[in-house]
file protein37.cif (mmCIF, C-alpha atoms)
data_upload
loop_
_atom_site.label_atom_id
_atom_site.label_comp_id
_atom_site.auth_asym_id
_atom_site.auth_seq_id
_atom_site.Cartn_x
_atom_site.Cartn_y
_atom_site.Cartn_z
CA MET A 1 7.70 3.45 4.83
CA ARG A 2 7.09 3.99 8.53
CA ASN A 3 3.70 5.60 7.83
CA ARG A 4 2.62 2.66 5.70
CA VAL A 5 3.60 0.14 8.34
CA THR A 6 1.84 2.15 11.05
CA LEU A 7 -1.33 2.36 8.96
CA ALA A 8 -1.26 -1.36 8.16
CA LEU A 9 -0.71 -2.37 11.78
CA THR A 10 -3.47 -0.05 12.95
CA GLY A 11 -5.89 -1.63 10.48
CA VAL A 12 -4.89 -5.14 11.49
CA LEU A 13 -5.29 -4.29 15.17
CA LEU A 14 -8.72 -2.74 14.57
CA LEU A 15 -9.91 -5.81 12.67
CA ALA A 16 -8.54 -8.12 15.35
CA ILE A 17 -10.41 -6.21 18.07
CA LEU A 18 -13.66 -6.24 16.10
CA ARG A 19 -13.31 -9.94 15.36
CA ALA A 20 -12.54 -10.75 19.00
CA ALA A 21 -15.59 -8.74 20.09
CA ALA A 22 -17.73 -10.69 17.63
CA PHE A 23 -16.42 -14.02 18.94
CA LEU A 24 -16.94 -13.01 22.56
CA GLY A 25 -20.45 -11.86 21.75
CA LEU A 26 -21.25 -15.15 20.06
CA ALA A 27 -19.80 -17.06 23.02
CA ALA A 28 -22.05 -15.04 25.34
CA GLY A 29 -25.10 -15.95 23.28
CA VAL A 30 -25.58 -12.65 21.46
CA THR A 31 -26.51 -13.04 17.82
CA LEU A 32 -24.15 -10.47 16.31
CA VAL A 33 -24.19 -12.10 12.91
CA THR A 34 -27.87 -11.32 12.39
CA TRP A 35 -27.84 -7.95 14.14
CA VAL A 36 -28.81 -5.14 11.75
CA PRO A 37 -27.17 -1.78 12.60
CA ILE A 38 -29.16 0.09 9.91
CA PRO A 39 -32.88 -0.81 10.05
CA ALA A 40 -33.49 0.46 6.51
CA LEU A 41 -31.05 -2.14 5.17
CA PRO A 42 -32.12 -5.51 6.63
CA TRP A 43 -29.56 -7.45 4.55
CA PHE A 44 -26.66 -5.32 5.90
CA THR A 45 -25.90 -7.44 8.96
CA TRP A 46 -22.82 -7.54 11.20
CA GLY A 47 -21.47 -10.39 9.09
CA VAL A 48 -21.54 -8.15 6.02
CA TRP A 49 -19.75 -5.41 7.96
CA LEU A 50 -16.97 -7.84 8.91
CA PHE A 51 -16.73 -9.12 5.34
CA LEU A 52 -16.34 -5.60 3.96
CA LEU A 53 -13.77 -4.65 6.59
CA THR A 54 -11.73 -7.74 5.87
#
call {"tool": "encode", "arguments": {"input": "protein37.cif", "output": "structure tokens"}}
result
Amino acid sequence: MRNRVTLALTGVLLLAILRAAAFLGLAAGVTLVTWVPIPALPWFTWGVWLFLLT
């Protein structure tokens, strides 16, 4: 049970950090939502990454 809770809290913390970084980037004027980390996949934007992680 302890391992499951630790894994769940780690995942939640990781998602919260990524989401906060995305919000701070957007507040700073960076267009993270349209940023493409893999040039061969132009549809695979940061927004898709966040959707899949969530």
call {"tool": "atom_distance", "arguments": {"input": "protein37.cif", "atom1": "CA of Leu18 in chain A", "atom2": "CA of Leu50 in chain A"}}
result
8.1 Å
call {"tool": "atom_distance", "arguments": {"input": "protein37.cif", "atom1": "CA of Leu53 in chain A", "atom2": "CA of Ala16 in chain A"}}
result
10.8 Å
call {"tool": "closest_residue", "arguments": {"input": "protein37.cif", "among": "A:Ala28, A:Thr54, A:Phe44, A:Trp49", "to": "Gly11 in chain A", "atoms": "only C-alpha atoms"}}
result
A:Thr54
call {"tool": "atom_distance", "arguments": {"input": "protein37.cif", "atom1": "CA of Gly25 in chain A", "atom2": "CA of Phe51 in chain A"}}
result
17.0 Å
call {"tool": "decode", "arguments": {"input": "protein37.cif", "residues": "range 4-15 of chain A", "atoms": "all heavy atoms", "output": "JSON list (two decimals), in the first residue's frame"}}
result
[["chain", "number", "residue", "atom", "x", "y", "z"],
["A", 4, "ARG", "N", 2.24, 2.02, -3.47],
["A", 4, "ARG", "CA", 1.22, 2.58, -4.36],
["A", 4, "ARG", "C", 0.99, 4.06, -4.08],
["A", 4, "ARG", "O", 0.87, 4.86, -5.00],
["A", 4, "ARG", "CB", -0.09, 1.81, -4.22],
["A", 4, "ARG", "CG", -0.04, 0.43, -4.79],
["A", 4, "ARG", "CD", -1.36, -0.25, -4.63],
["A", 4, "ARG", "NE", -1.29, -1.62, -5.11],
["A", 4, "ARG", "CZ", -2.28, -2.46, -5.04],
["A", 4, "ARG", "NH1", -3.44, -2.08, -4.49],
["A", 4, "ARG", "NH2", -2.14, -3.69, -5.50],
["A", 5, "VAL", "N", 0.91, 4.40, -2.82],
["A", 5, "VAL", "CA", 0.70, 5.80, -2.45],
["A", 5, "VAL", "C", 1.90, 6.64, -2.85],
["A", 5, "VAL", "O", 1.75, 7.74, -3.38],
["A", 5, "VAL", "CB", 0.41, 5.91, -0.93],
["A", 5, "VAL", "CG1", 0.42, 7.36, -0.49],
["A", 5, "VAL", "CG2", -0.90, 5.26, -0.59],
["A", 6, "THR", "N", 3.10, 6.12, -2.65],
["A", 6, "THR", "CA", 4.31, 6.84, -3.04],
["A", 6, "THR", "C", 4.34, 7.06, -4.55],
["A", 6, "THR", "O", 4.65, 8.16, -5.02],
["A", 6, "THR", "CB", 5.56, 6.07, -2.59],
["A", 6, "THR", "OG1", 5.49, 5.87, -1.18],
["A", 6, "THR", "CG2", 6.82, 6.82, -2.95],
["A", 7, "LEU", "N", 4.01, 6.04, -5.32],
["A", 7, "LEU", "CA", 4.00, 6.16, -6.77],
["A", 7, "LEU", "C", 2.94, 7.17, -7.23],
["A", 7, "LEU", "O", 3.19, 8.00, -8.10],
["A", 7, "LEU", "CB", 3.74, 4.79, -7.40],
["A", 7, "LEU", "CG", 3.74, 4.76, -8.92],
["A", 7, "LEU", "CD1", 5.11, 5.14, -9.45],
["A", 7, "LEU", "CD2", 3.36, 3.38, -9.40],
["A", 8, "ALA", "N", 1.77, 7.11, -6.64],
["A", 8, "ALA", "CA", 0.70, 8.05, -7.01],
["A", 8, "ALA", "C", 1.08, 9.48, -6.67],
["A", 8, "ALA", "O", 0.88, 10.39, -7.49],
["A", 8, "ALA", "CB", -0.60, 7.65, -6.31],
["A", 9, "LEU", "N", 1.63, 9.72, -5.50],
["A", 9, "LEU", "CA", 2.01, 11.07, -5.12],
["A", 9, "LEU", "C", 3.16, 11.59, -5.96],
["A", 9, "LEU", "O", 3.21, 12.78, -6.28],
["A", 9, "LEU", "CB", 2.38, 11.11, -3.63],
["A", 9, "LEU", "CG", 1.21, 10.98, -2.67],
["A", 9, "LEU", "CD1", 1.71, 10.97, -1.23],
["A", 9, "LEU", "CD2", 0.20, 12.07, -2.88],
["A", 10, "THR", "N", 4.07, 10.73, -6.35],
["A", 10, "THR", "CA", 5.17, 11.14, -7.22],
["A", 10, "THR", "C", 4.64, 11.56, -8.57],
["A", 10, "THR", "O", 5.06, 12.59, -9.13],
["A", 10, "THR", "CB", 6.18, 9.99, -7.38],
["A", 10, "THR", "OG1", 6.65, 9.61, -6.09],
["A", 10, "THR", "CG2", 7.35, 10.40, -8.25],
["A", 11, "GLY", "N", 3.70, 10.79, -9.12],
["A", 11, "GLY", "CA", 3.09, 11.16, -10.40],
["A", 11, "GLY", "C", 2.33, 12.46, -10.33],
["A", 11, "GLY", "O", 2.43, 13.30, -11.23],
["A", 12, "VAL", "N", 1.58, 12.65, -9.27],
["A", 12, "VAL", "CA", 0.82, 13.89, -9.10],
["A", 12, "VAL", "C", 1.77, 15.08, -8.97],
["A", 12, "VAL", "O", 1.54, 16.14, -9.56],
["A", 12, "VAL", "CB", -0.12, 13.79, -7.88],
["A", 12, "VAL", "CG1", -0.67, 15.14, -7.49],
["A", 12, "VAL", "CG2", -1.24, 12.81, -8.17],
["A", 13, "LEU", "N", 2.84, 14.92, -8.23],
["A", 13, "LEU", "CA", 3.81, 16.00, -8.06],
["A", 13, "LEU", "C", 4.49, 16.33, -9.38],
["A", 13, "LEU", "O", 4.67, 17.50, -9.72],
["A", 13, "LEU", "CB", 4.84, 15.61, -7.00],
["A", 13, "LEU", "CG", 5.89, 16.66, -6.68],
["A", 13, "LEU", "CD1", 5.22, 17.91, -6.10],
["A", 13, "LEU", "CD2", 6.89, 16.11, -5.70],
["A", 14, "LEU", "N", 4.85, 15.32, -10.16],
["A", 14, "LEU", "CA", 5.47, 15.54, -11.46],
["A", 14, "LEU", "C", 4.53, 16.29, -12.39],
["A", 14, "LEU", "O", 4.93, 17.25, -13.06],
["A", 14, "LEU", "CB", 5.88, 14.20, -12.07],
["A", 14, "LEU", "CG", 6.50, 14.28, -13.46],
["A", 14, "LEU", "CD1", 7.84, 15.01, -13.40],
["A", 14, "LEU", "CD2", 6.67, 12.89, -14.03],
["A", 15, "LEU", "N", 3.27, 15.89, -12.44],
["A", 15, "LEU", "CA", 2.31, 16.59, -13.28],
["A", 15, "LEU", "C", 2.09, 18.03, -12.82],
["A", 15, "LEU", "O", 1.95, 18.94, -13.63],
["A", 15, "LEU", "CB", 0.97, 15.84, -13.30],
["A", 15, "LEU", "CG", 0.94, 14.58, -14.14],
["A", 15, "LEU", "CD1", -0.39, 13.87, -13.95],
["A", 15, "LEU", "CD2", 1.14, 14.92, -15.59]]
